[in-house]
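Written out below as structure tokens is the structure these notes cover.
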Amino acid sequence: MRSFILGVLGCSLVLSAQAFYSASDDVVELNPSNFNKEVLQSDSLWLIEFYAPWCGHCQSLTADWKKAATTLKGIVKVGAVDADQHKSLGSQFGVKGFPTIKVFGANKNKPEDYQGGRTSQAIVDGAMKALNSLVKDRLSGKSGGSGYKQSGGGGGGGAGSKQDVVELTDDNFDKMVLQGEEVWLVEFFAPWCGHCKNLEPEWTAAASAVMEQTKGKVRLGAMDATVHQAVSGRYGIRGFPTIKIFRKGEEPEDYQGGRTRGDIIARALDLFSDHAPPPELLEILSEDTLKKTCEDSQLCVIGVLPHILDTGAAGRNGYLEVMTKMAEKYKKKSWGWLWTEAGTQMELEAALGIGGFGYPAMAAINSRKMKFALLRGSFSETGIHEFLRELSVGRGSTATLGKGSMPKVHTVAPWDGKDGQLPEEDDYDLSDVDLDDDDFLSKIEL
């Protein structure tokens with residue numbers, strides 16, 4: 001009996017941890033089965049929370065999210081995706097931490113990150129601001145992207161832009177695909193093929209998302225194999241649609257993944273990360289270095305290393321090697337990586353609460369939210385990995401950065417890669433000096 005009660009209690013705890021929202025709430029639970037119809041094909045403005053059931057910040061947001069949904073009912077749609085369970089949706093829209101809130105406005109395939117507060121009032125205010133912007137865009141004749149059309153193809157329904165799917169032909173294929181530096185996913189289709197028509201909106205939407213998230217390093221193309229038979233014959237295309245992956249200098253491989261936009265995007269991002277070099281580890285030499293790196297990245301990771309006199313070149317290079325290895329490990333995140341010498345950027349250290357001791361130190365800054373987190377463990381591959389893993393899933397403890405703005409950064413000369421040298425002391429020629437002369441001694445006293 002006791003084990004039965006404990007089992008029921010355990011089940012109820014699991015259910016309560018996962019059941020953030022129910023049918024009685026005004027929050028729409030979204031998943032891969034209903035997301036396309038409810039959101040992407042909708043004319044409504046949507047605020048959507050991507051969450052994970054185990055995420056403490058997500059649990060704290062639940063009550064305010066429900067209240068905001070009730071307040072906005074009939075005005076703005078409010079939804080939620082369990083991105084831990086439905087990873088394809090999270091991947092499709094570049095979700096890398098929890099909770100992530102996105103605003104789906106005119107162009108549903110390119111939602112904007114919500115940057116406001118997490119109280120119900122702040123969420124409602126942010127939604128109304130986005131709605132006002134959407135209305136103004138419609139009045140001025142602006143609208144979102146539309147799907148590409150295959151020759152003789154069927155209806156669209158995708159939310160991507162046709163310019164993001166590259167139309168490939170016998171004439172341009174070799175130059176664009178085989179000789180280009182990008183990784184390519186190429187769909188070979190036939191206009192009469194029903195499966196090709198079904199794939200069209202997924203391929204279009206995926207093309208726009210991949211173009212944006214990989215900054216054009218991975219491209220999606222489409223070729224009418226019934227017209228351009230030289231290339232399709234070269235690669236033995238027999239059925240439609242056939243999707244192949246092309247990397248410069250390598251033999252093409254068959255695409256083996258699913259045919260939803262989420263599946264296609266996930267595979268494209270894997271290809272991107274596999275071939276992308278790790279982000280460059282930069283020394284903070286000026287305000288521009290800090291600003292550009294942090295603004296261009298979801299997080300910028302900053303190492304504050306001991307003074308060169310304390311470690312020498314070998315010790316410093318050891319710390320830099322640890323950071324470089326971690327940048328390689330987390331390159332899929334597209335974070336920025338920076339370092340500075342202790343005592344060089346005092347305002348930055350003060351804003352991060354590092355100040356004066358405990359080097360080497362590390363902090364991760366989210367410049368959009370003006371929040372940061374400090375490494376509490378060891379400055380080692382293991383310690384840094386634990387720190388960044390916690391942050392990437394929304395578990396890390398964060399604080400407001402300084403006064404809520406980026407601190408002042410001084411322009412400094414780059415490290416020359418050498419050991420440090422103590423400043424030279426002045427030499428005194430004492431050969432003609434009477435060391436008992438009180439007047440001389442008084443002149444050299446500090």
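Chain lettering (A, B, ...) mirrors the order of the structure tokens, residue numbering begins at 1 for each chain separately, and ligand numbering begins at 1 in order of display.
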
Could you give me the residues within range 154-378 of chain A that DSSP places in strand (DSSP E), as an mmCIF file with N, CA, C and O atoms, in the first residue's frame?
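Wrote states.cif, looks like this:
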data_model
loop_
_atom_site.group_PDB
_atom_site.id
_atom_site.type_symbol
_atom_site.label_atom_id
_atom_site.label_comp_id
_atom_site.auth_asym_id
_atom_site.auth_seq_id
_atom_site.Cartn_x
_atom_site.Cartn_y
_atom_site.Cartn_z
ATOM 1 N N VAL A 165 15.436 30.146 -51.520
ATOM 2 C CA VAL A 165 15.608 28.876 -52.224
ATOM 3 C C VAL A 165 16.246 29.203 -53.566
ATOM 4 O O VAL A 165 15.648 29.876 -54.396
ATOM 5 N N VAL A 166 17.458 28.717 -53.783
ATOM 6 C CA VAL A 166 18.185 29.054 -55.012
ATOM 7 C C VAL A 166 17.734 28.137 -56.141
ATOM 8 O O VAL A 166 17.792 26.904 -56.012
ATOM 9 N N GLU A 167 17.289 28.735 -57.243
ATOM 10 C CA GLU A 167 16.876 27.956 -58.403
ATOM 11 C C GLU A 167 18.131 27.522 -59.167
ATOM 12 O O GLU A 167 18.877 28.351 -59.688
ATOM 13 N N VAL A 183 27.981 24.993 -47.910
ATOM 14 C CA VAL A 183 27.415 23.645 -47.915
ATOM 15 C C VAL A 183 26.015 23.753 -48.500
ATOM 16 O O VAL A 183 25.265 24.676 -48.178
ATOM 17 N N TRP A 184 25.654 22.803 -49.368
ATOM 18 C CA TRP A 184 24.366 22.874 -50.075
ATOM 19 C C TRP A 184 23.500 21.659 -49.780
ATOM 20 O O TRP A 184 23.988 20.533 -49.757
ATOM 21 N N LEU A 185 22.201 21.906 -49.571
ATOM 22 C CA LEU A 185 21.182 20.875 -49.621
ATOM 23 C C LEU A 185 20.368 21.151 -50.879
ATOM 24 O O LEU A 185 19.784 22.233 -51.012
ATOM 25 N N VAL A 186 20.354 20.196 -51.793
ATOM 26 C CA VAL A 186 19.698 20.406 -53.084
ATOM 27 C C VAL A 186 18.556 19.420 -53.248
ATOM 28 O O VAL A 186 18.747 18.200 -53.127
ATOM 29 N N GLU A 187 17.389 19.974 -53.539
ATOM 30 C CA GLU A 187 16.209 19.147 -53.827
ATOM 31 C C GLU A 187 16.064 19.005 -55.340
ATOM 32 O O GLU A 187 15.988 19.998 -56.071
ATOM 33 N N PHE A 188 16.029 17.773 -55.814
ATOM 34 C CA PHE A 188 15.735 17.483 -57.222
ATOM 35 C C PHE A 188 14.251 17.102 -57.287
ATOM 36 O O PHE A 188 13.829 16.123 -56.665
ATOM 37 N N PHE A 189 13.459 17.878 -58.028
ATOM 38 C CA PHE A 189 12.010 17.655 -58.035
ATOM 39 C C PHE A 189 11.476 17.546 -59.457
ATOM 40 O O PHE A 189 12.166 17.817 -60.453
ATOM 41 N N VAL A 218 25.226 27.827 -45.199
ATOM 42 C CA VAL A 218 24.515 26.652 -45.700
ATOM 43 C C VAL A 218 23.354 27.152 -46.538
ATOM 44 O O VAL A 218 22.601 28.019 -46.094
ATOM 45 N N ARG A 219 23.227 26.627 -47.749
ATOM 46 C CA ARG A 219 22.172 27.096 -48.662
ATOM 47 C C ARG A 219 21.275 25.934 -49.072
ATOM 48 O O ARG A 219 21.709 24.774 -49.112
ATOM 49 N N LEU A 220 20.036 26.263 -49.371
ATOM 50 C CA LEU A 220 19.093 25.289 -49.907
ATOM 51 C C LEU A 220 18.772 25.660 -51.347
ATOM 52 O O LEU A 220 18.455 26.822 -51.646
ATOM 53 N N GLY A 221 18.866 24.679 -52.236
ATOM 54 C CA GLY A 221 18.563 24.903 -53.646
ATOM 55 C C GLY A 221 17.528 23.918 -54.132
ATOM 56 O O GLY A 221 17.215 22.925 -53.461
ATOM 57 N N ALA A 222 16.992 24.192 -55.309
ATOM 58 C CA ALA A 222 15.998 23.307 -55.914
ATOM 59 C C ALA A 222 16.241 23.249 -57.418
ATOM 60 O O ALA A 222 16.510 24.275 -58.051
ATOM 61 N N MET A 223 16.167 22.053 -57.988
ATOM 62 C CA MET A 223 16.377 21.865 -59.427
ATOM 63 C C MET A 223 15.254 21.030 -60.008
ATOM 64 O O MET A 223 14.941 19.949 -59.479
ATOM 65 N N ASP A 224 14.653 21.532 -61.083
ATOM 66 C CA ASP A 224 13.645 20.770 -61.820
ATOM 67 C C ASP A 224 14.390 19.726 -62.647
ATOM 68 O O ASP A 224 14.975 20.029 -63.690
ATOM 69 N N THR A 242 14.307 13.949 -54.544
ATOM 70 C CA THR A 242 15.569 13.440 -54.020
ATOM 71 C C THR A 242 16.359 14.630 -53.477
ATOM 72 O O THR A 242 16.465 15.657 -54.144
ATOM 73 N N ILE A 243 16.877 14.478 -52.271
ATOM 74 C CA ILE A 243 17.658 15.554 -51.649
ATOM 75 C C ILE A 243 19.084 15.059 -51.453
ATOM 76 O O ILE A 243 19.303 13.978 -50.900
ATOM 77 N N LYS A 244 20.052 15.862 -51.893
ATOM 78 C CA LYS A 244 21.458 15.510 -51.728
ATOM 79 C C LYS A 244 22.212 16.643 -51.039
ATOM 80 O O LYS A 244 21.859 17.818 -51.180
ATOM 81 N N ILE A 245 23.248 16.260 -50.320
ATOM 82 C CA ILE A 245 24.091 17.218 -49.602
ATOM 83 C C ILE A 245 25.415 17.339 -50.339
ATOM 84 O O ILE A 245 26.068 16.327 -50.643
ATOM 85 N N PHE A 246 25.815 18.578 -50.626
ATOM 86 C CA PHE A 246 27.048 18.836 -51.354
ATOM 87 C C PHE A 246 27.988 19.682 -50.500
ATOM 88 O O PHE A 246 27.611 20.746 -50.009
ATOM 89 N N GLU A 253 26.283 13.300 -50.671
ATOM 90 C CA GLU A 253 25.649 12.223 -49.906
ATOM 91 C C GLU A 253 24.148 12.412 -49.908
ATOM 92 O O GLU A 253 23.636 13.531 -50.042
ATOM 93 N N ASP A 254 23.429 11.318 -49.780
ATOM 94 C CA ASP A 254 21.973 11.385 -49.739
ATOM 95 C C ASP A 254 21.510 11.940 -48.394
ATOM 96 O O ASP A 254 22.042 11.569 -47.349
ATOM 97 N N LEU A 281 39.067 33.654 -30.456
ATOM 98 C CA LEU A 281 39.248 34.162 -29.094
ATOM 99 C C LEU A 281 39.991 35.486 -29.190
ATOM 100 O O LEU A 281 41.162 35.520 -29.594
ATOM 101 N N LEU A 282 39.332 36.585 -28.840
ATOM 102 C CA LEU A 282 39.880 37.924 -29.041
ATOM 103 C C LEU A 282 40.284 38.563 -27.721
ATOM 104 O O LEU A 282 39.581 38.436 -26.711
ATOM 105 N N GLU A 283 41.383 39.274 -27.738
ATOM 106 C CA GLU A 283 41.761 40.090 -26.595
ATOM 107 C C GLU A 283 40.972 41.399 -26.638
ATOM 108 O O GLU A 283 40.783 41.988 -27.716
ATOM 109 N N CYS A 300 28.451 36.428 -24.656
ATOM 110 C CA CYS A 300 29.895 36.564 -24.856
ATOM 111 C C CYS A 300 30.583 36.113 -23.568
ATOM 112 O O CYS A 300 30.220 36.543 -22.476
ATOM 113 N N VAL A 301 31.533 35.212 -23.742
ATOM 114 C CA VAL A 301 32.254 34.611 -22.624
ATOM 115 C C VAL A 301 33.581 35.354 -22.477
ATOM 116 O O VAL A 301 34.355 35.449 -23.431
ATOM 117 N N ILE A 302 33.837 35.869 -21.271
ATOM 118 C CA ILE A 302 35.020 36.697 -21.039
ATOM 119 C C ILE A 302 35.896 36.070 -19.962
ATOM 120 O O ILE A 302 35.439 35.803 -18.848
ATOM 121 N N GLY A 303 37.168 35.841 -20.301
ATOM 122 C CA GLY A 303 38.136 35.366 -19.332
ATOM 123 C C GLY A 303 39.013 36.520 -18.864
ATOM 124 O O GLY A 303 39.493 37.301 -19.690
ATOM 125 N N VAL A 304 39.176 36.659 -17.560
ATOM 126 C CA VAL A 304 40.077 37.665 -16.990
ATOM 127 C C VAL A 304 41.275 36.901 -16.443
ATOM 128 O O VAL A 304 41.173 36.205 -15.426
ATOM 129 N N LEU A 305 42.402 37.015 -17.125
ATOM 130 C CA LEU A 305 43.567 36.190 -16.826
ATOM 131 C C LEU A 305 44.547 36.926 -15.929
ATOM 132 O O LEU A 305 44.619 38.159 -15.950
ATOM 133 N N GLY A 336 30.344 34.569 -28.466
ATOM 134 C CA GLY A 336 31.573 35.320 -28.616
ATOM 135 C C GLY A 336 32.534 34.982 -27.482
ATOM 136 O O GLY A 336 32.111 34.702 -26.359
ATOM 137 N N TRP A 337 33.847 35.029 -27.757
ATOM 138 C CA TRP A 337 34.853 34.643 -26.770
ATOM 139 C C TRP A 337 35.912 35.737 -26.682
ATOM 140 O O TRP A 337 36.528 36.103 -27.681
ATOM 141 N N LEU A 338 36.135 36.245 -25.465
ATOM 142 C CA LEU A 338 37.039 37.359 -25.234
ATOM 143 C C LEU A 338 37.921 37.094 -24.018
ATOM 144 O O LEU A 338 37.563 36.301 -23.145
ATOM 145 N N TRP A 339 39.052 37.805 -23.942
ATOM 146 C CA TRP A 339 39.880 37.735 -22.739
ATOM 147 C C TRP A 339 40.563 39.078 -22.519
ATOM 148 O O TRP A 339 40.717 39.884 -23.440
ATOM 149 N N THR A 340 40.961 39.305 -21.276
ATOM 150 C CA THR A 340 41.703 40.500 -20.918
ATOM 151 C C THR A 340 42.613 40.178 -19.744
ATOM 152 O O THR A 340 42.407 39.169 -19.047
ATOM 153 N N GLU A 341 43.623 41.004 -19.547
ATOM 154 C CA GLU A 341 44.544 40.818 -18.422
ATOM 155 C C GLU A 341 43.989 41.493 -17.177
ATOM 156 O O GLU A 341 43.413 42.584 -17.261
ATOM 157 N N ALA A 361 39.519 34.446 -13.800
ATOM 158 C CA ALA A 361 38.077 34.484 -13.582
ATOM 159 C C ALA A 361 37.374 34.436 -14.927
ATOM 160 O O ALA A 361 37.984 34.668 -15.970
ATOM 161 N N MET A 362 36.086 34.148 -14.893
ATOM 162 C CA MET A 362 35.319 34.083 -16.150
ATOM 163 C C MET A 362 33.894 34.543 -15.895
ATOM 164 O O MET A 362 33.309 34.271 -14.833
ATOM 165 N N ALA A 363 33.343 35.253 -16.873
ATOM 166 C CA ALA A 363 31.943 35.671 -16.823
ATOM 167 C C ALA A 363 31.326 35.487 -18.203
ATOM 168 O O ALA A 363 32.028 35.504 -19.220
ATOM 169 N N ALA A 364 30.018 35.292 -18.249
ATOM 170 C CA ALA A 364 29.273 35.227 -19.507
ATOM 171 C C ALA A 364 28.231 36.336 -19.482
ATOM 172 O O ALA A 364 27.467 36.456 -18.516
ATOM 173 N N ILE A 365 28.208 37.162 -20.532
ATOM 174 C CA ILE A 365 27.328 38.319 -20.586
ATOM 175 C C ILE A 365 26.274 38.137 -21.673
ATOM 176 O O ILE A 365 26.586 37.748 -22.800
ATOM 177 N N ASN A 366 25.027 38.415 -21.321
ATOM 178 C CA ASN A 366 23.947 38.545 -22.300
ATOM 179 C C ASN A 366 23.679 40.046 -22.442
ATOM 180 O O ASN A 366 23.025 40.652 -21.596
ATOM 181 N N LYS A 371 22.491 41.048 -18.505
ATOM 182 C CA LYS A 371 22.667 40.114 -17.402
ATOM 183 C C LYS A 371 24.012 39.411 -17.558
ATOM 184 O O LYS A 371 24.532 39.281 -18.671
ATOM 185 N N PHE A 372 24.555 38.938 -16.441
ATOM 186 C CA PHE A 372 25.790 38.175 -16.519
ATOM 187 C C PHE A 372 25.789 37.086 -15.461
ATOM 188 O O PHE A 372 25.031 37.125 -14.488
ATOM 189 N N ALA A 373 26.660 36.107 -15.675
ATOM 190 C CA ALA A 373 26.851 35.025 -14.712
ATOM 191 C C ALA A 373 28.351 34.818 -14.539
ATOM 192 O O ALA A 373 29.127 34.993 -15.476
ATOM 193 N N LEU A 374 28.756 34.439 -13.321
ATOM 194 C CA LEU A 374 30.167 34.236 -13.010
ATOM 195 C C LEU A 374 30.484 32.751 -12.869
ATOM 196 O O LEU A 374 29.673 31.981 -12.336
#

Residue nearest Ser60 in chain A among A:Gly394, A:Val124, A:Lys73, A:Ser380 (counting only C-alpha atoms) |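 Among the listed residues, the smallest separation from Ser60 in chain A belongs to A:Gly394.
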
Assign secondary structure with DSSP using the backbone only, and return the residues of range 249-328 of chain A in helix (DSSP H, G or I) as a ChimeraX atom specification.
-> /A:261-275,287-295,308-328

Please, could you write that set of residues out with N, CA and C atoms as a short mmCIF file (atom, residue, chain, number, x, y, z; two decimals), in the first residue's frame?
data_model
loop_
_atom_site.label_atom_id
_atom_site.label_comp_id
_atom_site.auth_asym_id
_atom_site.auth_seq_id
_atom_site.Cartn_x
_atom_site.Cartn_y
_atom_site.Cartn_z
N ARG A 261 10.12 21.07 -41.96
CA ARG A 261 11.08 22.18 -41.90
C ARG A 261 12.00 22.06 -40.69
N GLY A 262 11.46 21.59 -39.57
CA GLY A 262 12.28 21.42 -38.38
C GLY A 262 13.40 20.41 -38.60
N ASP A 263 13.06 19.30 -39.25
CA ASP A 263 14.07 18.27 -39.54
C ASP A 263 15.14 18.81 -40.48
N ILE A 264 14.71 19.53 -41.50
CA ILE A 264 15.65 20.06 -42.49
C ILE A 264 16.57 21.10 -41.85
N ILE A 265 16.00 21.97 -41.04
CA ILE A 265 16.80 23.00 -40.37
C ILE A 265 17.81 22.36 -39.43
N ALA A 266 17.37 21.36 -38.66
CA ALA A 266 18.27 20.70 -37.71
C ALA A 266 19.46 20.08 -38.43
N ARG A 267 19.20 19.43 -39.56
CA ARG A 267 20.31 18.81 -40.32
C ARG A 267 21.23 19.89 -40.89
N ALA A 268 20.65 20.98 -41.37
CA ALA A 268 21.46 22.06 -41.92
C ALA A 268 22.35 22.68 -40.86
N LEU A 269 21.83 22.85 -39.65
CA LEU A 269 22.62 23.43 -38.57
C LEU A 269 23.73 22.49 -38.13
N ASP A 270 23.47 21.19 -38.18
CA ASP A 270 24.52 20.22 -37.89
C ASP A 270 25.64 20.31 -38.92
N LEU A 271 25.26 20.44 -40.19
CA LEU A 271 26.26 20.59 -41.25
C LEU A 271 27.07 21.87 -41.05
N PHE A 272 26.38 22.92 -40.65
CA PHE A 272 27.04 24.20 -40.43
C PHE A 272 28.07 24.09 -39.30
N SER A 273 27.65 23.51 -38.19
CA SER A 273 28.55 23.43 -37.04
C SER A 273 29.70 22.47 -37.29
N ASP A 274 29.46 21.41 -38.07
CA ASP A 274 30.52 20.45 -38.37
C ASP A 274 31.66 21.10 -39.15
N HIS A 275 31.33 22.04 -40.01
CA HIS A 275 32.32 22.63 -40.90
C HIS A 275 32.72 24.04 -40.51
N GLU A 287 36.84 49.44 -26.90
CA GLU A 287 35.40 49.35 -26.67
C GLU A 287 34.69 48.66 -27.82
N ASP A 288 35.19 48.88 -29.05
CA ASP A 288 34.58 48.26 -30.23
C ASP A 288 34.66 46.74 -30.16
N THR A 289 35.78 46.21 -29.66
CA THR A 289 35.95 44.75 -29.56
C THR A 289 34.87 44.15 -28.67
N LEU A 290 34.68 44.74 -27.51
CA LEU A 290 33.67 44.23 -26.58
C LEU A 290 32.26 44.41 -27.12
N LYS A 291 31.98 45.59 -27.63
CA LYS A 291 30.63 45.90 -28.09
C LYS A 291 30.21 45.01 -29.25
N LYS A 292 31.07 44.90 -30.27
CA LYS A 292 30.71 44.13 -31.45
C LYS A 292 30.55 42.65 -31.12
N THR A 293 31.49 42.12 -30.35
CA THR A 293 31.42 40.69 -30.02
C THR A 293 30.18 40.36 -29.21
N CYS A 294 29.87 41.19 -28.22
CA CYS A 294 28.72 40.89 -27.36
C CYS A 294 27.39 41.17 -28.05
N GLU A 295 27.34 42.18 -28.89
CA GLU A 295 26.09 42.49 -29.57
C GLU A 295 25.77 41.48 -30.67
N ILE A 308 50.65 39.08 -16.57
CA ILE A 308 51.68 38.30 -17.23
C ILE A 308 52.87 38.03 -16.30
N LEU A 309 53.14 38.91 -15.35
CA LEU A 309 54.23 38.69 -14.41
C LEU A 309 53.93 37.54 -13.45
N ASP A 310 52.67 37.23 -13.27
CA ASP A 310 52.27 36.15 -12.36
C ASP A 310 52.32 34.78 -13.01
N THR A 311 52.18 34.73 -14.33
CA THR A 311 52.08 33.44 -15.02
C THR A 311 53.16 33.21 -16.06
N GLY A 312 53.71 34.28 -16.61
CA GLY A 312 54.61 34.12 -17.75
C GLY A 312 53.82 33.75 -18.99
N ALA A 313 54.50 33.70 -20.13
CA ALA A 313 53.84 33.40 -21.40
C ALA A 313 53.27 31.98 -21.40
N ALA A 314 54.02 31.03 -20.82
CA ALA A 314 53.56 29.63 -20.82
C ALA A 314 52.26 29.48 -20.03
N GLY A 315 52.19 30.10 -18.87
CA GLY A 315 50.97 30.01 -18.06
C GLY A 315 49.79 30.65 -18.75
N ARG A 316 50.01 31.82 -19.34
CA ARG A 316 48.91 32.49 -20.04
C ARG A 316 48.43 31.67 -21.23
N ASN A 317 49.37 31.14 -21.99
CA ASN A 317 48.97 30.33 -23.15
C ASN A 317 48.20 29.09 -22.72
N GLY A 318 48.48 28.59 -21.54
CA GLY A 318 47.72 27.46 -21.02
C GLY A 318 46.26 27.82 -20.78
N TYR A 319 46.04 28.99 -20.18
CA TYR A 319 44.67 29.46 -19.97
C TYR A 319 43.96 29.72 -21.30
N LEU A 320 44.66 30.33 -22.25
CA LEU A 320 44.07 30.61 -23.56
C LEU A 320 43.73 29.32 -24.30
N GLU A 321 44.56 28.29 -24.10
CA GLU A 321 44.27 27.01 -24.74
C GLU A 321 42.99 26.39 -24.18
N VAL A 322 42.78 26.51 -22.89
CA VAL A 322 41.55 26.01 -22.28
C VAL A 322 40.34 26.73 -22.88
N MET A 323 40.42 28.05 -22.99
CA MET A 323 39.30 28.82 -23.55
C MET A 323 39.07 28.46 -25.02
N THR A 324 40.15 28.27 -25.77
CA THR A 324 40.02 27.91 -27.19
C THR A 324 39.34 26.56 -27.34
N LYS A 325 39.69 25.60 -26.48
CA LYS A 325 39.05 24.28 -26.54
C LYS A 325 37.56 24.37 -26.23
N MET A 326 37.21 25.22 -25.27
CA MET A 326 35.80 25.36 -24.93
C MET A 326 35.02 26.09 -26.03
N ALA A 327 35.69 27.04 -26.71
CA ALA A 327 35.05 27.71 -27.84
C ALA A 327 34.75 26.71 -28.95
N GLU A 328 35.67 25.77 -29.16
CA GLU A 328 35.46 24.71 -30.15
C GLU A 328 34.31 23.81 -29.72
#

Asp125 in chain A: which residues within 12 Å, counting only C-alpha atoms, same-chain residues fewer than 5 positions away excluded, as a ChimeraX atom specification?
-> /A:47,68,71-72,76,114-120,130-132

Selected residues written out, N, CA and C atoms, as a PDB file, in the first residue's frame:
ATOM      1  N   LEU A  47       2.736  35.564 -29.350  1.00  0.00           N
ATOM      2  CA  LEU A  47       3.850  35.523 -28.413  1.00  0.00           C
ATOM      3  C   LEU A  47       3.977  34.073 -27.959  1.00  0.00           C
ATOM      4  N   ALA A  68      -0.983  36.949 -18.548  1.00  0.00           N
ATOM      5  CA  ALA A  68      -0.846  37.753 -19.764  1.00  0.00           C
ATOM      6  C   ALA A  68      -1.738  37.200 -20.871  1.00  0.00           C
ATOM      7  N   THR A  71      -5.295  38.249 -20.264  1.00  0.00           N
ATOM      8  CA  THR A  71      -5.455  39.680 -20.536  1.00  0.00           C
ATOM      9  C   THR A  71      -5.493  39.956 -22.032  1.00  0.00           C
ATOM     10  N   LEU A  72      -4.696  39.233 -22.813  1.00  0.00           N
ATOM     11  CA  LEU A  72      -4.573  39.476 -24.258  1.00  0.00           C
ATOM     12  C   LEU A  72      -5.556  38.650 -25.088  1.00  0.00           C
ATOM     13  N   VAL A  76      -4.135  39.314 -28.895  1.00  0.00           N
ATOM     14  CA  VAL A  76      -2.867  38.694 -29.293  1.00  0.00           C
ATOM     15  C   VAL A  76      -2.877  37.255 -28.796  1.00  0.00           C
ATOM     16  N   TYR A 114      11.781  38.394 -28.012  1.00  0.00           N
ATOM     17  CA  TYR A 114      11.143  39.291 -27.053  1.00  0.00           C
ATOM     18  C   TYR A 114      12.191  39.768 -26.060  1.00  0.00           C
ATOM     19  N   GLN A 115      12.302  41.084 -25.882  1.00  0.00           N
ATOM     20  CA  GLN A 115      13.369  41.655 -25.055  1.00  0.00           C
ATOM     21  C   GLN A 115      12.850  42.282 -23.763  1.00  0.00           C
ATOM     22  N   GLY A 116      11.552  42.184 -23.509  1.00  0.00           N
ATOM     23  CA  GLY A 116      10.970  42.873 -22.366  1.00  0.00           C
ATOM     24  C   GLY A 116      11.084  42.097 -21.067  1.00  0.00           C
ATOM     25  N   GLY A 117      10.421  42.635 -20.040  1.00  0.00           N
ATOM     26  CA  GLY A 117      10.412  42.007 -18.727  1.00  0.00           C
ATOM     27  C   GLY A 117       9.570  40.756 -18.697  1.00  0.00           C
ATOM     28  N   ARG A 118       9.605  40.043 -17.564  1.00  0.00           N
ATOM     29  CA  ARG A 118       8.912  38.756 -17.462  1.00  0.00           C
ATOM     30  C   ARG A 118       7.698  38.808 -16.545  1.00  0.00           C
ATOM     31  N   THR A 119       7.244  40.008 -16.158  1.00  0.00           N
ATOM     32  CA  THR A 119       5.990  40.109 -15.407  1.00  0.00           C
ATOM     33  C   THR A 119       4.831  40.138 -16.389  1.00  0.00           C
ATOM     34  N   SER A 120       3.635  39.832 -15.906  1.00  0.00           N
ATOM     35  CA  SER A 120       2.471  39.829 -16.800  1.00  0.00           C
ATOM     36  C   SER A 120       2.249  41.200 -17.432  1.00  0.00           C
ATOM     37  N   ALA A 130       4.254  45.333 -30.067  1.00  0.00           N
ATOM     38  CA  ALA A 130       4.444  44.546 -31.286  1.00  0.00           C
ATOM     39  C   ALA A 130       3.216  44.602 -32.177  1.00  0.00           C
ATOM     40  N   LEU A 131       2.030  44.588 -31.566  1.00  0.00           N
ATOM     41  CA  LEU A 131       0.785  44.670 -32.338  1.00  0.00           C
ATOM     42  C   LEU A 131       0.679  46.018 -33.044  1.00  0.00           C
ATOM     43  N   ASN A 132       1.035  47.079 -32.345  1.00  0.00           N
ATOM     44  CA  ASN A 132       1.000  48.408 -32.939  1.00  0.00           C
ATOM     45  C   ASN A 132       1.937  48.487 -34.146  1.00  0.00           C
TER      46      ASN A 132
END

So what do you get for CA of Phe104 in chain A versus CA of Leu45 in chain A, distance-wise?
->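 Separation of CA of Phe104 in chain A and CA of Leu45 in chain A: 5.9 Å.
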
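With only C-alpha atoms as the atoms that count, the minimum distance from Gly402 in chain A to the choices A:Gly420, A:Pro191, A:Gly353, A:Gly343 is reached by A:Gly353.
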